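Student: Quick one: structure below, then a few questions.
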Amino acid sequence: MDWGITMPAKSNSRHIDAINIIRNVPFFSELTQDALKDVERVIIKKNYTKDQIVLFEEETATYMYIVYSGKVRVVKMNEEGREQIITMHKKNDFFGEMALLDGKTAPATVVAHEDTVVGLLSKTNFEQYLLNHEDIRMKIINLLCARLRDSWSMIKILSFDNAEHRVLAVLNRMRELYGVADDRGQIINVKLTHQQIANYAAVTRETVTRLLKQLKSEAVIQVLDGKHILLTKAFNNKINKIPCLG
């Protein structure tokens, strides 16, 4: 694994921000301020550049990861070496906890989607600060249920035979995760290339390019400056006509 670049010491304001990010992790929300500081001290912060591998699929999972800034994408690699995007994580999100719970390697590769700072918490400290608390154990169960729902969302996308429905399902999923309300509709607050959308939908890049052009002509979407996608109010009408999405 390429462990990225170790971050230098943080200022006090950044230290406070780091504590708040840790508190946003459901596992840690019940800990006292002093306990949160203890956790923050044992977390190793690493800096990853865009498209740098954070975690390889075949590696033994020895850490839980917390996203301090930026975004990462969780992918499976097919036989041709192309990415199949499973999900994405942004600031305040975390991943790798399932492997720490069952001792098995997480079945996916994690890649920095943009320049990203990630915190690493070892299995030993994970168990010390989490598994001795009943409330925290219950939150772990709730989280695992949420992760299962996320997997079902991916299965739903791949269940569509129609390429247009797959692409629309991907856009709808991105809206659920990263949608920001706008007078014109909702903006997907993450940059996605045509190839990444294609990887998510398991279709070709050419198909995505053709379908996005068609959706733009129908005023279902707009591509804004910075390549963010705006889903117009017409997008809802389109989605509502699709079984299992509407």
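Chain labels A, B, ... are given in the sequence in which chains occur in the structure tokens; within each chain residues are numbered consecutively from 1, and ligands are likewise numbered from 1 in the order shown.
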Please provide the set of residues having any atom within 10 Å of stretch 34-41 of chain A, restricted to only C-alpha atoms, with same-chain residues fewer than 3 positions apart removed, written as a PyMOL selection string.
Tutor: chain A and resi 15-16+18-23+28-31+44-45+119+121+125-126+128-129
Student: Atoms to include: N, CA and C atoms. Write the selected residues as a compact mmCIF listing (two decimals), in the first residue's frame.
Tutor:
```txt
# COMPACT_ATOMS: atom_id res chain seq x y z
N HIS A 15 -7.14 21.38 14.79
CA HIS A 15 -7.29 20.31 15.79
C HIS A 15 -8.76 20.20 16.21
N ILE A 16 -9.39 21.35 16.43
CA ILE A 16 -10.81 21.37 16.82
C ILE A 16 -11.66 20.78 15.70
N ALA A 18 -10.71 18.61 13.51
CA ALA A 18 -10.47 17.17 13.48
C ALA A 18 -11.32 16.47 14.54
N ILE A 19 -11.41 17.06 15.73
CA ILE A 19 -12.24 16.49 16.81
C ILE A 19 -13.70 16.43 16.37
N ASN A 20 -14.17 17.50 15.73
CA ASN A 20 -15.57 17.54 15.29
C ASN A 20 -15.84 16.49 14.21
N ILE A 21 -14.86 16.26 13.33
CA ILE A 21 -15.03 15.24 12.30
C ILE A 21 -15.13 13.86 12.94
N ILE A 22 -14.28 13.61 13.94
CA ILE A 22 -14.32 12.33 14.64
C ILE A 22 -15.67 12.16 15.34
N ARG A 23 -16.17 13.23 15.94
CA ARG A 23 -17.45 13.16 16.64
C ARG A 23 -18.59 12.84 15.69
N PHE A 28 -18.26 7.24 17.48
CA PHE A 28 -17.58 8.07 18.47
C PHE A 28 -18.48 9.14 19.09
N SER A 29 -19.70 9.27 18.61
CA SER A 29 -20.54 10.38 19.04
C SER A 29 -20.87 10.35 20.53
N GLU A 30 -20.79 9.17 21.16
CA GLU A 30 -21.11 9.05 22.58
C GLU A 30 -19.89 9.26 23.49
N LEU A 31 -18.71 9.40 22.91
CA LEU A 31 -17.51 9.55 23.73
C LEU A 31 -17.41 10.95 24.32
N ILE A 44 -3.63 8.38 12.58
CA ILE A 44 -2.54 8.81 11.70
C ILE A 44 -3.15 9.48 10.47
N LYS A 45 -2.77 10.73 10.21
CA LYS A 45 -3.34 11.45 9.07
C LYS A 45 -2.40 11.35 7.88
N GLY A 119 -7.66 9.91 7.71
CA GLY A 119 -7.14 9.49 9.00
C GLY A 119 -7.24 7.98 9.15
N LEU A 121 -7.13 4.68 11.67
CA LEU A 121 -7.26 4.20 13.05
C LEU A 121 -6.99 2.70 13.06
N ASN A 125 -6.74 0.08 18.40
CA ASN A 125 -7.41 1.25 18.97
C ASN A 125 -8.91 1.26 18.65
N PHE A 126 -9.25 0.74 17.50
CA PHE A 126 -10.66 0.61 17.13
C PHE A 126 -11.40 -0.22 18.18
N GLN A 128 -10.38 -0.92 21.25
CA GLN A 128 -10.27 -0.31 22.58
C GLN A 128 -11.34 0.75 22.80
N TYR A 129 -11.59 1.58 21.78
CA TYR A 129 -12.50 2.72 21.96
C TYR A 129 -13.94 2.43 21.55
```
Student: Hey, what's within 10 Å of A:Asn172 if we count only C-alpha atoms and toss same-chain stuff fewer than 5 positions away? As a PyMOL selection string, please?
Tutor: chain A and resi 157+166-167+177-179+188+231+235-236+239+245
Student: Name all residues at most 9 Å from A:Lys191 (count only C-alpha atoms; drop same-chain ones fewer than 2 positions away) and give them as a PyMOL selection string.
Tutor: chain A and resi 113+188-189+193+226-229
Student: Show which residues sit within 10 Å of stretch 68-82 of chain A, as a count of residues only. Count only C-alpha atoms, and ignore same-chain residues fewer than 5 positions away.
Tutor: 44
Student: List every residue of stretch 171-232 of chain A that DSSP, applied to the backbone, labels as alpha helix (DSSP H), and write the result as a ChimeraX atom specification.
Tutor: /A:171-178,194-201,205-217
Student: Between atom CA of A:Leu224 and atom CA of A:Asn162, measure the distance and give it in Å to one decimal.
Tutor: 26.3 Å
Student: Using only C-alpha atoms, which of the listed residues (A:Gln33, A:Asn24, A:Lys233, A:Ile86) sits closest to A:Ile66?
Tutor: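 Of A:Gln33, A:Asn24, A:Lys233, A:Ile86, the one nearest A:Ile66 is A:Asn24, counting only C-alpha atoms.
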Student: Kindly give the distance, in Å, that separates atom CA of A:Leu212 and atom CA of A:Ala181, rounded to a single decimal.
Tutor: 20.7 Å
